[in-house]
$ cat coords.pdb   # PDB, C-alpha atoms
ATOM      1  CA  MET A  11      15.102 -30.226  21.714
ATOM      2  CA  GLN A  12      18.085 -28.428  20.201
ATOM      3  CA  PRO A  13      17.412 -25.375  18.017
ATOM      4  CA  ILE A  14      17.278 -25.965  14.285
ATOM      5  CA  HIS A  15      19.649 -23.745  12.317
ATOM      6  CA  TYR A  16      19.030 -22.845   8.695
ATOM      7  CA  LYS A  17      19.327 -19.982   6.239
ATOM      8  CA  ARG A  18      16.395 -18.110   4.672
ATOM      9  CA  GLN A  19      16.737 -16.079   1.478
ATOM     10  CA  ILE A  20      14.103 -13.354   1.533
ATOM     11  CA  ILE A  21      11.862 -13.290  -1.524
ATOM     12  CA  GLU A  22       9.986 -10.319  -2.973
ATOM     13  CA  VAL A  23       6.594 -10.927  -1.385
ATOM     14  CA  GLU A  24       8.156 -11.453   2.077
ATOM     15  CA  LYS A  25      10.010  -8.140   1.811
ATOM     16  CA  ARG A  26       6.990  -6.298   0.467
ATOM     17  CA  LEU A  27       4.504  -7.563   3.046
ATOM     18  CA  GLY A  28       6.837  -7.895   6.018
ATOM     19  CA  PHE A  29       6.591 -11.588   6.792
ATOM     20  CA  MET A  30       8.915 -14.606   6.815
ATOM     21  CA  TYR A  31       8.025 -18.142   5.745
ATOM     22  CA  ILE A  32       8.954 -20.998   8.093
ATOM     23  CA  PRO A  33      10.130 -24.003   6.035
ATOM     24  CA  ALA A  34       9.113 -27.605   6.724
ATOM     25  CA  VAL A  35      12.338 -28.301   8.640
ATOM     26  CA  ALA A  36      11.231 -25.932  11.430
ATOM     27  CA  GLN A  37       7.431 -26.065  11.234
ATOM     28  CA  GLU A  38       7.239 -28.845  13.858
ATOM     29  CA  LEU A  39       8.594 -26.353  16.409
ATOM     30  CA  MET A  40       5.913 -23.785  15.645
ATOM     31  CA  PRO A  41       2.458 -23.541  17.285
ATOM     32  CA  SER A  42      -0.292 -25.643  15.722
ATOM     33  CA  GLU A  43      -2.735 -22.712  16.004
ATOM     34  CA  ASN A  44      -2.534 -19.053  15.029
ATOM     35  CA  GLU A  45      -0.881 -17.271  17.953
ATOM     36  CA  LYS A  46       2.012 -15.050  19.020
ATOM     37  CA  VAL A  47       5.592 -16.327  18.959
ATOM     38  CA  THR A  48       8.749 -14.842  20.474
ATOM     39  CA  VAL A  49      11.166 -13.526  17.872
ATOM     40  CA  HIS A  50      14.693 -12.585  19.008
ATOM     41  CA  PHE A  51      17.009 -10.240  17.104
ATOM     42  CA  PRO A  52      20.647 -10.469  18.325
ATOM     43  CA  GLY A  53      22.294  -7.176  19.167
ATOM     44  CA  LYS A  54      20.459  -4.171  20.554
ATOM     45  CA  GLU A  55      17.064  -5.319  19.339
ATOM     46  CA  GLU A  56      14.689  -6.614  22.013
ATOM     47  CA  SER A  57      12.685  -9.786  21.518
ATOM     48  CA  ARG A  58       9.197  -9.212  20.133
ATOM     49  CA  GLN A  59       5.887 -11.040  20.181
ATOM     50  CA  LEU A  60       4.872 -11.444  16.545
ATOM     51  CA  SER A  61       1.892 -13.160  14.915
ATOM     52  CA  TYR A  62       2.347 -16.644  13.502
ATOM     53  CA  ASN A  63      -0.115 -18.034  10.953
ATOM     54  CA  SER A  64      -0.080 -21.826  11.205
ATOM     55  CA  ASP A  65      -2.090 -22.332   8.003
ATOM     56  CA  TYR A  66       0.533 -20.614   5.857
ATOM     57  CA  SER A  67       3.574 -21.071   8.162
ATOM     58  CA  ARG A  68       4.360 -17.366   8.195
ATOM     59  CA  ILE A  69       5.568 -14.942  10.863
ATOM     60  CA  PHE A  70       4.129 -11.465  10.302
ATOM     61  CA  GLY A  71       5.202  -8.054  11.623
ATOM     62  CA  LEU A  72       8.745  -7.796  10.229
ATOM     63  CA  THR A  73       8.281  -4.734   8.008
ATOM     64  CA  GLU A  74      10.016  -2.276  10.362
ATOM     65  CA  TRP A  75      12.921  -4.641  11.049
ATOM     66  CA  TYR A  76      13.419  -5.309   7.339
ATOM     67  CA  LYS A  77      13.442  -1.589   6.634
ATOM     68  CA  LYS A  78      15.692  -0.645   9.567
ATOM     69  CA  ASN A  79      18.285  -3.272   8.635
ATOM     70  CA  LYS A  80      18.029  -2.653   4.882
ATOM     71  CA  ILE A  81      16.850  -6.184   4.187
ATOM     72  CA  GLU A  82      16.354  -6.528   0.444
ATOM     73  CA  VAL A  83      15.123  -9.198  -1.924
ATOM     74  CA  GLY A  84      17.809 -11.894  -1.953
ATOM     75  CA  THR A  85      19.225 -11.129   1.508
ATOM     76  CA  VAL A  86      20.127 -14.376   3.277
ATOM     77  CA  LEU A  87      19.250 -14.443   6.990
ATOM     78  CA  ASP A  88      20.535 -16.880   9.610
ATOM     79  CA  ILE A  89      17.667 -18.504  11.510
ATOM     80  CA  ALA A  90      17.684 -20.529  14.738
ATOM     81  CA  ALA A  91      14.301 -22.054  15.603
ATOM     82  CA  SER A  92      13.270 -23.631  18.883
ATOM     83  CA  GLU A  93       9.978 -24.155  20.686
ATOM     84  CA  GLU A  94      10.737 -21.122  22.864
ATOM     85  CA  GLU A  95      11.718 -18.570  20.224
ATOM     86  CA  ILE A  96      12.867 -17.809  16.711
ATOM     87  CA  THR A  97      16.206 -16.020  16.392
ATOM     88  CA  ILE A  98      16.706 -14.000  13.212
ATOM     89  CA  SER A  99      20.279 -12.846  12.593
ATOM     90  CA  LEU A 100      21.845 -10.693   9.919
ATOM     91  CA  PRO A 101      24.543 -12.387   7.839
ATOM     92  CA  ALA A 102      28.104 -11.094   7.888
ATOM     93  CA  SER A 103      27.455  -9.594   4.483
ATOM     94  CA  LYS A 104      24.119  -9.199   2.737
ATOM     95  CA  GLN A 105      23.748 -10.941  -0.575
ATOM     96  CA  GLN A 106      21.962  -8.877  -3.213
ATOM     97  CA  SER A 107      19.999 -10.636  -5.916
ATOM     98  CA  ALA A 108      20.016  -9.686  -9.570
ATOM     99  CA  LEU A 109      16.499  -8.377  -9.036
ATOM    100  CA  ASP A 110      17.797  -5.562  -6.823
ATOM    101  CA  GLU A 111      20.145  -4.392  -9.549
ATOM    102  CA  ALA A 112      17.377  -4.515 -12.127
ATOM    103  CA  GLU A 113      15.009  -2.504  -9.925
ATOM    104  CA  ALA A 114      17.575   0.301  -9.611
ATOM    105  CA  LEU A 115      17.460   0.722 -13.389
ATOM    106  CA  ILE A 116      13.674   0.766 -13.745
ATOM    107  CA  ASP A 117      12.311   3.990 -15.221
ATOM    108  CA  LEU A 118       8.698   4.575 -14.133
ATOM    109  CA  SER A 119       8.152   7.660 -16.285
ATOM    110  CA  GLY A 120       6.684   5.582 -19.099
ATOM    111  CA  LEU A 121       3.829   4.266 -16.970
ATOM    112  CA  THR A 122       0.410   5.843 -17.447
ATOM    113  CA  SER A 123      -1.670   7.002 -14.481
ATOM    114  CA  ILE A 124      -3.999   4.051 -15.077
ATOM    115  CA  GLU A 125      -1.113   1.597 -14.965
ATOM    116  CA  LYS A 126       0.230   3.170 -11.782
ATOM    117  CA  GLY A 127      -3.223   3.023 -10.228
ATOM    118  CA  ASP A 128      -3.551  -0.665 -11.122
ATOM    119  CA  ILE A 129      -0.200  -1.399  -9.457
ATOM    120  CA  ILE A 130      -1.273   0.199  -6.170
ATOM    121  CA  GLU A 131      -4.696  -1.417  -6.228
ATOM    122  CA  ASP A 132      -3.024  -4.810  -6.600
ATOM    123  CA  ARG A 133      -0.654  -4.047  -3.698
ATOM    124  CA  ILE A 134      -3.600  -3.106  -1.468
ATOM    125  CA  LYS A 135      -5.495  -6.219  -2.585
ATOM    126  CA  GLU A 136      -2.484  -8.379  -1.662
ATOM    127  CA  LEU A 137      -2.266  -6.764   1.770
ATOM    128  CA  LEU A 138      -5.931  -7.553   2.402
ATOM    129  CA  VAL A 139      -5.703 -11.154   1.197
ATOM    130  CA  LEU A 140      -2.446 -12.064   2.957
ATOM    131  CA  TYR A 141      -3.009 -10.293   6.266
ATOM    132  CA  GLY A 142      -6.706 -11.203   6.156
ATOM    133  CA  GLN A 143      -5.705 -14.873   6.497
ATOM    134  CA  GLY A 144      -9.001 -16.007   4.997
ATOM    135  CA  LEU A 145     -11.196 -13.611   6.998
ATOM    136  CA  LEU A 146     -11.686 -11.185   4.120
ATOM    137  CA  ASN A 147     -12.621 -11.594   0.466
ATOM    138  CA  VAL A 148     -11.634  -8.936  -2.078
ATOM    139  CA  TYR A 149     -13.299  -8.232  -5.426
ATOM    140  CA  LYS A 150     -12.712  -5.703  -8.214
ATOM    141  CA  PRO A 151     -15.657  -4.114 -10.063
ATOM    142  CA  VAL A 152     -16.048  -4.954 -13.742
ATOM    143  CA  VAL A 153     -16.701  -1.272 -14.502
ATOM    144  CA  ASP A 154     -15.213   1.656 -12.550
ATOM    145  CA  LYS A 155     -18.043   4.204 -12.732
ATOM    146  CA  GLU A 156     -18.549   5.182  -9.094
ATOM    147  CA  GLY A 157     -14.929   5.575  -8.015
ATOM    148  CA  ILE A 158     -14.949   2.180  -6.296
ATOM    149  CA  ASP A 159     -11.762   0.161  -6.824
ATOM    150  CA  LEU A 160     -12.140  -2.719  -4.359
ATOM    151  CA  LEU A 161     -15.077  -4.427  -2.662
ATOM    152  CA  VAL A 162     -14.217  -6.159   0.597
ATOM    153  CA  THR A 163     -16.486  -8.649   2.337
ATOM    154  CA  LYS A 164     -16.062 -10.488   5.615
ATOM    155  CA  SER A 165     -16.184 -14.249   5.150
ATOM    156  CA  GLY A 166     -19.551 -15.706   6.085
ATOM    157  CA  THR A 167     -21.424 -12.427   5.716
ATOM    158  CA  PHE A 168     -22.878 -10.327   2.921
ATOM    159  CA  LYS A 169     -21.804  -6.982   4.357
ATOM    160  CA  THR A 170     -19.459  -5.039   2.072
ATOM    161  CA  ILE A 171     -16.906  -2.248   2.503
ATOM    162  CA  PHE A 172     -16.307  -0.163  -0.607
ATOM    163  CA  ILE A 173     -12.794   1.210  -1.088
ATOM    164  CA  GLN A 174     -11.450   3.827  -3.431
ATOM    165  CA  VAL A 175      -7.650   3.554  -3.742
ATOM    166  CA  LYS A 176      -5.691   6.737  -4.453
ATOM    167  CA  SER A 177      -1.926   6.973  -4.716
ATOM    168  CA  ARG A 178       1.006   9.174  -5.663
ATOM    169  CA  PHE A 179       4.417   8.165  -6.980
ATOM    170  CA  ASN A 180       6.057  11.523  -6.101
ATOM    171  CA  ALA A 181       4.790  11.786  -2.520
ATOM    172  CA  VAL A 182       8.011  10.581  -0.866
ATOM    173  CA  GLU A 183      10.108  13.090  -2.794
ATOM    174  CA  ASN A 184       7.732  15.932  -1.892
ATOM    175  CA  ASN A 185       7.063  14.693   1.681
ATOM    176  CA  GLN A 186       3.398  15.230   0.937
ATOM    177  CA  LEU A 187       0.561  12.967  -0.177
ATOM    178  CA  VAL A 188      -1.834  14.940  -2.374
ATOM    179  CA  LEU A 189      -4.968  13.070  -3.440
ATOM    180  CA  THR A 190      -7.731  14.244  -5.754
ATOM    181  CA  ILE A 191     -10.896  12.231  -5.190
ATOM    182  CA  LYS A 192     -14.111  12.164  -7.159
ATOM    183  CA  LYS A 193     -16.807  13.449  -4.837
ATOM    184  CA  GLN A 194     -19.277  10.810  -3.674
ATOM    185  CA  LYS A 195     -22.139  10.848  -1.209
ATOM    186  CA  PRO A 196     -20.783   9.902   2.246
ATOM    187  CA  HIS A 197     -21.674   6.401   3.427
ATOM    188  CA  TYR A 198     -20.686   4.366   6.485
ATOM    189  CA  SER A 199     -19.283   1.575   4.278
ATOM    190  CA  TYR A 200     -17.300   3.755   1.869
ATOM    191  CA  TYR A 201     -13.610   4.510   2.562
ATOM    192  CA  VAL A 202     -10.660   6.030   0.744
ATOM    193  CA  VAL A 203      -7.235   4.394   1.062
ATOM    194  CA  GLY A 204      -4.358   6.735   0.211
ATOM    195  CA  ALA A 205      -0.906   5.284  -0.485
ATOM    196  CA  ALA A 206       2.535   6.749  -1.201
ATOM    197  CA  PHE A 207       4.623   4.634  -3.597
ATOM    198  CA  ASN A 208       8.393   4.933  -3.257
ATOM    199  CA  PRO A 209      10.064   4.638  -6.702
ATOM    200  CA  ALA A 210      13.460   4.011  -5.074
ATOM    201  CA  THR A 211      12.307   0.840  -3.317
ATOM    202  CA  LEU A 212       9.352  -0.050  -5.569
ATOM    203  CA  GLU A 213       7.308  -0.450  -2.387
ATOM    204  CA  LEU A 214       4.404   1.249  -0.673
ATOM    205  CA  GLU A 215       5.468   3.399   2.243
ATOM    206  CA  ASP A 216       4.671   1.854   5.631
ATOM    207  CA  ARG A 217       1.861   4.302   6.392
ATOM    208  CA  LEU A 218      -1.476   4.456   4.579
ATOM    209  CA  LEU A 219      -4.375   6.839   4.856
ATOM    210  CA  LEU A 220      -7.707   5.196   5.717
ATOM    211  CA  ILE A 221     -10.342   7.920   5.480
ATOM    212  CA  PRO A 222     -14.061   7.354   6.153
ATOM    213  CA  SER A 223     -16.112   9.105   3.477
ATOM    214  CA  HIS A 224     -17.919  11.331   5.963
ATOM    215  CA  GLU A 225     -14.547  12.592   7.255
ATOM    216  CA  LEU A 226     -13.475  13.210   3.686
ATOM    217  CA  ASP A 227     -16.614  15.273   3.200
ATOM    218  CA  THR A 228     -15.923  17.204   6.425
ATOM    219  CA  HIS A 229     -12.190  17.916   6.153
ATOM    220  CA  GLY A 230     -11.442  17.776   2.431
ATOM    221  CA  VAL A 231     -11.131  20.800   0.162
ATOM    222  CA  HIS A 232     -14.039  20.705  -2.290
ATOM    223  CA  LEU A 233     -13.033  21.946  -5.718
ATOM    224  CA  LYS A 234     -15.277  23.475  -8.353
ATOM    225  CA  ASN A 235     -14.829  20.543 -10.719
ATOM    226  CA  GLY A 236     -16.629  18.223  -8.291
ATOM    227  CA  THR A 237     -13.526  16.619  -6.778
ATOM    228  CA  THR A 238     -12.224  16.700  -3.218
ATOM    229  CA  ARG A 239      -8.588  17.452  -2.400
ATOM    230  CA  VAL A 240      -6.642  15.831   0.453
ATOM    231  CA  THR A 241      -3.186  17.208   1.299
ATOM    232  CA  ALA A 242      -1.480  15.125   3.988
ATOM    233  CA  SER A 243       2.092  15.647   5.144
ATOM    234  CA  LEU A 244       4.361  12.605   5.360
ATOM    235  CA  LYS A 245       6.518  14.272   8.010
ATOM    236  CA  ALA A 246       6.441  12.455  11.342
ATOM    237  CA  ASN A 247       5.957  15.650  13.363
ATOM    238  CA  SER A 248       3.140  17.069  11.242
ATOM    239  CA  GLN A 249      -0.086  18.063  12.970
ATOM    240  CA  ASP A 250      -2.354  18.490   9.960
ATOM    241  CA  VAL A 251      -5.912  17.187  10.182
ATOM    242  CA  TRP A 252      -5.161  14.044   8.163
ATOM    243  CA  GLN A 253      -2.581  12.605  10.586
ATOM    244  CA  GLN A 254      -5.348  10.967  12.616
ATOM    245  CA  PHE A 255      -6.211   8.772   9.623
ATOM    246  CA  PHE A 256      -2.730   7.357   9.012
ATOM    247  CA  ILE A 257      -2.335   3.661   9.836
ATOM    248  CA  ARG A 258       0.433   1.118   9.303
ATOM    249  CA  LYS A 259      -0.177  -0.854   6.138
ATOM    250  CA  GLN A 260       0.047  -4.183   7.979
ATOM    251  CA  ASP A 261      -2.783  -2.978  10.241
ATOM    252  CA  LEU A 262      -5.217  -2.282   7.383
ATOM    253  CA  VAL A 263      -6.993  -5.615   7.800
ATOM    254  CA  ASN A 264      -7.527  -5.114  11.534
ATOM    255  CA  HIS A 265      -8.989  -1.671  10.961
ATOM    256  CA  LEU A 266     -11.407  -2.986   8.334
ATOM    257  CA  LEU A 267     -12.464  -5.832  10.614
ATOM    258  CA  GLU A 268     -13.245  -3.210  13.250
ATOM    259  CA  LYS A 269     -15.368  -1.363  10.685
ATOM    260  CA  PHE A 270     -17.328  -4.553  10.011
ATOM    261  CA  GLU A 271     -17.914  -4.958  13.752
ATOM    262  CA  GLU A 272     -19.123  -1.361  14.049
ATOM    263  CA  ALA A 273     -21.549  -1.861  11.169
ATOM    264  CA  ALA A 274     -22.853  -5.077  12.732
ATOM    265  CA  ARG A 275     -24.047  -3.128  15.790
ATOM    266  CA  TYR A 276     -26.458  -1.164  13.643
ATOM    267  CA  LEU A 277     -27.334  -3.599  10.846
ATOM    268  CA  ARG A 278     -28.792  -7.052  11.462
TER     269      ARG A 278
END
$ encode --input "coords.pdb" --output "C-alpha cells"
Amino acid sequence: MQPIHYKRQIIEVEKRLGFMYIPAVAQELMPSENEKVTVHFPGKEESRQLSYNSDYSRIFGLTEWYKKNKIEVGTVLDIAASEEEITISLPASKQQSALDEAEALIDLSGLTSIEKGDIIEDRIKELLVLYGQGLLNVYKPVVDKEGIDLLVTKSGTFKTIFIQVKSRFNAVENNQLVLTIKKQKPHYSYYVVGAAFNPATLELEDRLLLIPSHELDTHGVHLKNGTTRVTASLKANSQDVWQQFFIRKQDLVNHLLEKFEEAARYLR
C-alpha cells in the first residue's frame, strides 16, 4: 500500500503535551492495539520508536522534537503514513497562528499566586489524564487544608497517591526552582510535584520534580515558620541533591504507576 500524504496543523494541546493526532485518513495504517510505531524525521534525525494509543489515535513522545525544531501552535507539518512508519517533515516555512502572536503580548504580572497555582495544577492534571490513557483517575479536593492538590487513583483499585503541586513562574529566568512547602508528616503515598513555568512559551518546562515526602523531610531545609524549602538548580550539569528527583513530564504517569506497584507489595 502506498503511503498516505497529508498535512497536520499542530494545535495547542498537541504542542503542550508532545503528541500528534492521526486523522481518520491514516488510522487504517496504524496498529489496532496500543504499541510502538516507527517515526522517521527526514534530515539528521534518526527514526524513533514512539508510543501509539489506538483508542485516541495519538502518537506520544514528540515533546523534544517539537522543542528542538521550534514547532509552535499553528505550525503545519507534512506527514507520510504507511504501515511501516510515519514520516514527519518540517514545512518549507512554518506558519504561525494568531494565537502565537497573542501569547507574546500576554502579561502575567496581574495573575495572583492562587491563579498561577490553579494553572499549573490543571497542567499536571492534564498530563496525568492524557498520558494515563485511562489507567489513572485524578480528583481535586473540595477544601485545600492539608496541602493536597490532587488525588490520583489507579483504575480498578482504591489505593490513592496524594500530590502537592508547587510551581514557580520565574524559575527559568533564575535557572533555579525554589519551592516553599507546608510541612506534613511523611507518608509513602504523599508526593510533591515541582514545576517550572516558562512565561515566554506559556508551557511547563520539560523536567518536573517528583519528590517522595520522606525525601523532602530528609533533604529539605526546615524553616522556623513550619515550611520546608527546596532549592533545585535547573542547570543540566548541576549536582545538587534534588537532581535525582527530576523526571521528564511525559514520564510522570509511568513513575506514579511504579509507585502504585511498590505500594501493592506491602498493602493487600
$ resolve_selection --input "coords.pdb" --expression "the PyMOL selection byres ((chain A and resi 189) around 9)" --output "ChimeraX atom specification"
/A:176-178,187-188,190-191,204,238-242
$ atom_distance --input "coords.pdb" --atom1 "CA of Phe255 (chain A)" --atom2 "CA of Asp227 (chain A)"
13.8 Å
$ residues_around --input "coords.pdb" --residues "Arg217 (chain A)" --least-positions-apart "2" --cutoff "6 Å" --atoms "all atoms listed in the file" --output "count of residues only"
4
$ resolve_selection --input "coords.pdb" --expression "the PyMOL selection byres ((chain A and resi 179) around 12)" --output "JSON, numbers by chain"
{"A": [118, 119, 121, 122, 123, 125, 126, 127, 129, 130, 176, 177, 178, 180, 181, 182, 183, 184, 185, 186, 187, 188, 189, 204, 205, 206, 207, 208, 209, 210, 211, 212, 213, 214, 215]}
$ axis_aligned_box --input "coords.pdb" --around "region 24-38 of chain A" --padding-each-side "3 Å" --output "lines of an AutoDock Vina configuration file"
center_x = 8.4
center_y = -17.6
center_z = 7.2
size_x = 13.8
size_y = 28.5
size_z = 19.4
$ resolve_selection --input "coords.pdb" --expression "the PyMOL selection byres ((chain A and resi 55-62) around 9)" --output "JSON, numbers by chain"
{"A": [40, 41, 43, 44, 45, 46, 47, 48, 49, 50, 51, 52, 53, 54, 63, 64, 66, 67, 68, 69, 70, 71, 72, 95, 97]}
$ closest_residue --input "coords.pdb" --among "A:Pro196, A:Gly166, A:Pro151, A:Gly84" --to "Leu226 (chain A)" --atoms "all atoms listed in the file"
A:Pro196
$ atom_distance --input "coords.pdb" --atom1 "CA of Leu146 (chain A)" --atom2 "CA of Val162 (chain A)"
6.6 Å
$ residues_around --input "coords.pdb" --residues "Val139 (chain A)" --least-positions-apart "2" --cutoff "12 Å" --atoms "only C-alpha atoms" --output "number ranges by chain"
A: 27, 132-137, 141-149, 160, 162-165, 260, 262-263
$ write_last_selection --input "coords.pdb" --atoms "C-alpha atoms" --output "mmCIF file, keeping the file's coordinate frame"
data_model
loop_
_atom_site.group_PDB
_atom_site.id
_atom_site.type_symbol
_atom_site.label_atom_id
_atom_site.label_comp_id
_atom_site.auth_asym_id
_atom_site.auth_seq_id
_atom_site.Cartn_x
_atom_site.Cartn_y
_atom_site.Cartn_z
ATOM 1 C CA LEU A 27 4.504 -7.563 3.046
ATOM 2 C CA ASP A 132 -3.024 -4.810 -6.600
ATOM 3 C CA ARG A 133 -0.654 -4.047 -3.698
ATOM 4 C CA ILE A 134 -3.600 -3.106 -1.468
ATOM 5 C CA LYS A 135 -5.495 -6.219 -2.585
ATOM 6 C CA GLU A 136 -2.484 -8.379 -1.662
ATOM 7 C CA LEU A 137 -2.266 -6.764 1.770
ATOM 8 C CA TYR A 141 -3.009 -10.293 6.266
ATOM 9 C CA GLY A 142 -6.706 -11.203 6.156
ATOM 10 C CA GLN A 143 -5.705 -14.873 6.497
ATOM 11 C CA GLY A 144 -9.001 -16.007 4.997
ATOM 12 C CA LEU A 145 -11.196 -13.611 6.998
ATOM 13 C CA LEU A 146 -11.686 -11.185 4.120
ATOM 14 C CA ASN A 147 -12.621 -11.594 0.466
ATOM 15 C CA VAL A 148 -11.634 -8.936 -2.078
ATOM 16 C CA TYR A 149 -13.299 -8.232 -5.426
ATOM 17 C CA LEU A 160 -12.140 -2.719 -4.359
ATOM 18 C CA VAL A 162 -14.217 -6.159 0.597
ATOM 19 C CA THR A 163 -16.486 -8.649 2.337
ATOM 20 C CA LYS A 164 -16.062 -10.488 5.615
ATOM 21 C CA SER A 165 -16.184 -14.249 5.150
ATOM 22 C CA GLN A 260 0.047 -4.183 7.979
ATOM 23 C CA LEU A 262 -5.217 -2.282 7.383
ATOM 24 C CA VAL A 263 -6.993 -5.615 7.800
#
$ closest_residue --input "coords.pdb" --among "A:Val153, A:Val251, A:Val175, A:Ile14" --to "His229 (chain A)" --atoms "only C-alpha atoms"
A:Val251
$ atom_distance --input "coords.pdb" --atom1 "CA of Glu268 (chain A)" --atom2 "CA of Gln254 (chain A)"
16.2 Å
$ closest_residue --input "coords.pdb" --among "A:Thr73, A:Gln37, A:Ser223, A:Ser42" --to "Lys25 (chain A)" --atoms "all atoms listed in the file"
A:Thr73
$ closest_residue --input "coords.pdb" --among "A:Gly236, A:Gly230, A:Gly28, A:Pro222" --to "His265 (chain A)" --atoms "all atoms listed in the file"
A:Pro222
$ residues_around --input "coords.pdb" --residues "Ile171 (chain A)" --least-positions-apart "4" --cutoff "8 Å" --atoms "only C-alpha atoms" --output "list in words"
Leu161, Val162, Thr163, Ser199, Tyr200, Tyr201 and Phe270 of chain A
$ write_last_selection --input "coords.pdb" --atoms "C-alpha atoms" --output "PDB file, in the frame of the given file"
ATOM      1  CA  LEU A 161     -15.077  -4.427  -2.662  1.00  0.00           C
ATOM      2  CA  VAL A 162     -14.217  -6.159   0.597  1.00  0.00           C
ATOM      3  CA  THR A 163     -16.486  -8.649   2.337  1.00  0.00           C
ATOM      4  CA  SER A 199     -19.283   1.575   4.278  1.00  0.00           C
ATOM      5  CA  TYR A 200     -17.300   3.755   1.869  1.00  0.00           C
ATOM      6  CA  TYR A 201     -13.610   4.510   2.562  1.00  0.00           C
ATOM      7  CA  PHE A 270     -17.328  -4.553  10.011  1.00  0.00           C
TER       8      PHE A 270
END
$ closest_residue --input "coords.pdb" --among "A:Ser99, A:Gln253, A:Asn247, A:Gln174" --to "Tyr76 (chain A)" --atoms "all atoms listed in the file"
A:Ser99
$ closest_residue --input "coords.pdb" --among "A:Ile124, A:Ile81, A:Leu244, A:Ala36" --to "Glu93 (chain A)" --atoms "only C-alpha atoms"
A:Ala36
$ build_atoms --input "coords.pdb" --residues "region 160-178 of chain A" --atoms "N, CA and C atoms" --output "PDB file, keeping the file's coordinate frame"
ATOM      1  N   LEU A 160     -12.133  -1.401  -4.994  1.00  0.00           N
ATOM      2  CA  LEU A 160     -12.140  -2.719  -4.359  1.00  0.00           C
ATOM      3  C   LEU A 160     -13.394  -2.879  -3.504  1.00  0.00           C
ATOM      4  N   LEU A 161     -13.966  -4.078  -3.531  1.00  0.00           N
ATOM      5  CA  LEU A 161     -15.077  -4.427  -2.662  1.00  0.00           C
ATOM      6  C   LEU A 161     -14.588  -5.508  -1.707  1.00  0.00           C
ATOM      7  N   VAL A 162     -14.735  -5.247  -0.423  1.00  0.00           N
ATOM      8  CA  VAL A 162     -14.217  -6.159   0.597  1.00  0.00           C
ATOM      9  C   VAL A 162     -15.385  -6.712   1.401  1.00  0.00           C
ATOM     10  N   THR A 163     -15.461  -8.020   1.512  1.00  0.00           N
ATOM     11  CA  THR A 163     -16.486  -8.649   2.337  1.00  0.00           C
ATOM     12  C   THR A 163     -15.819  -9.470   3.431  1.00  0.00           C
ATOM     13  N   LYS A 164     -16.527  -9.624   4.530  1.00  0.00           N
ATOM     14  CA  LYS A 164     -16.062 -10.488   5.615  1.00  0.00           C
ATOM     15  C   LYS A 164     -16.619 -11.877   5.369  1.00  0.00           C
ATOM     16  N   SER A 165     -15.762 -12.882   5.440  1.00  0.00           N
ATOM     17  CA  SER A 165     -16.184 -14.249   5.150  1.00  0.00           C
ATOM     18  C   SER A 165     -17.374 -14.650   6.014  1.00  0.00           C
ATOM     19  N   GLY A 166     -18.364 -15.254   5.372  1.00  0.00           N
ATOM     20  CA  GLY A 166     -19.551 -15.706   6.085  1.00  0.00           C
ATOM     21  C   GLY A 166     -20.638 -14.680   6.201  1.00  0.00           C
ATOM     22  N   THR A 167     -20.410 -13.476   5.665  1.00  0.00           N
ATOM     23  CA  THR A 167     -21.424 -12.427   5.716  1.00  0.00           C
ATOM     24  C   THR A 167     -21.597 -11.829   4.323  1.00  0.00           C
ATOM     25  N   PHE A 168     -22.644 -11.016   4.182  1.00  0.00           N
ATOM     26  CA  PHE A 168     -22.878 -10.327   2.921  1.00  0.00           C
ATOM     27  C   PHE A 168     -22.688  -8.821   3.065  1.00  0.00           C
ATOM     28  N   LYS A 169     -22.101  -8.402   4.172  1.00  0.00           N
ATOM     29  CA  LYS A 169     -21.804  -6.982   4.357  1.00  0.00           C
ATOM     30  C   LYS A 169     -20.560  -6.640   3.539  1.00  0.00           C
ATOM     31  N   THR A 170     -20.540  -5.433   2.979  1.00  0.00           N
ATOM     32  CA  THR A 170     -19.459  -5.039   2.072  1.00  0.00           C
ATOM     33  C   THR A 170     -18.895  -3.680   2.460  1.00  0.00           C
ATOM     34  N   ILE A 171     -17.576  -3.541   2.387  1.00  0.00           N
ATOM     35  CA  ILE A 171     -16.906  -2.248   2.503  1.00  0.00           C
ATOM     36  C   ILE A 171     -16.392  -1.877   1.115  1.00  0.00           C
ATOM     37  N   PHE A 172     -16.701  -0.652   0.709  1.00  0.00           N
ATOM     38  CA  PHE A 172     -16.307  -0.163  -0.607  1.00  0.00           C
ATOM     39  C   PHE A 172     -15.091   0.742  -0.452  1.00  0.00           C
ATOM     40  N   ILE A 173     -14.054   0.475  -1.232  1.00  0.00           N
ATOM     41  CA  ILE A 173     -12.794   1.210  -1.088  1.00  0.00           C
ATOM     42  C   ILE A 173     -12.402   1.869  -2.399  1.00  0.00           C
ATOM     43  N   GLN A 174     -12.085   3.143  -2.313  1.00  0.00           N
ATOM     44  CA  GLN A 174     -11.450   3.827  -3.431  1.00  0.00           C
ATOM     45  C   GLN A 174      -9.968   3.968  -3.085  1.00  0.00           C
ATOM     46  N   VAL A 175      -9.096   3.511  -3.969  1.00  0.00           N
ATOM     47  CA  VAL A 175      -7.650   3.554  -3.742  1.00  0.00           C
ATOM     48  C   VAL A 175      -7.063   4.723  -4.523  1.00  0.00           C
ATOM     49  N   LYS A 176      -6.360   5.600  -3.821  1.00  0.00           N
ATOM     50  CA  LYS A 176      -5.691   6.737  -4.453  1.00  0.00           C
ATOM     51  C   LYS A 176      -4.214   6.696  -4.063  1.00  0.00           C
ATOM     52  N   SER A 177      -3.358   7.065  -4.996  1.00  0.00           N
ATOM     53  CA  SER A 177      -1.926   6.973  -4.716  1.00  0.00           C
ATOM     54  C   SER A 177      -1.156   8.061  -5.443  1.00  0.00           C
ATOM     55  N   ARG A 178       0.089   8.252  -4.997  1.00  0.00           N
ATOM     56  CA  ARG A 178       1.006   9.174  -5.663  1.00  0.00           C
ATOM     57  C   ARG A 178       2.400   8.561  -5.675  1.00  0.00           C
TER      58      ARG A 178
END
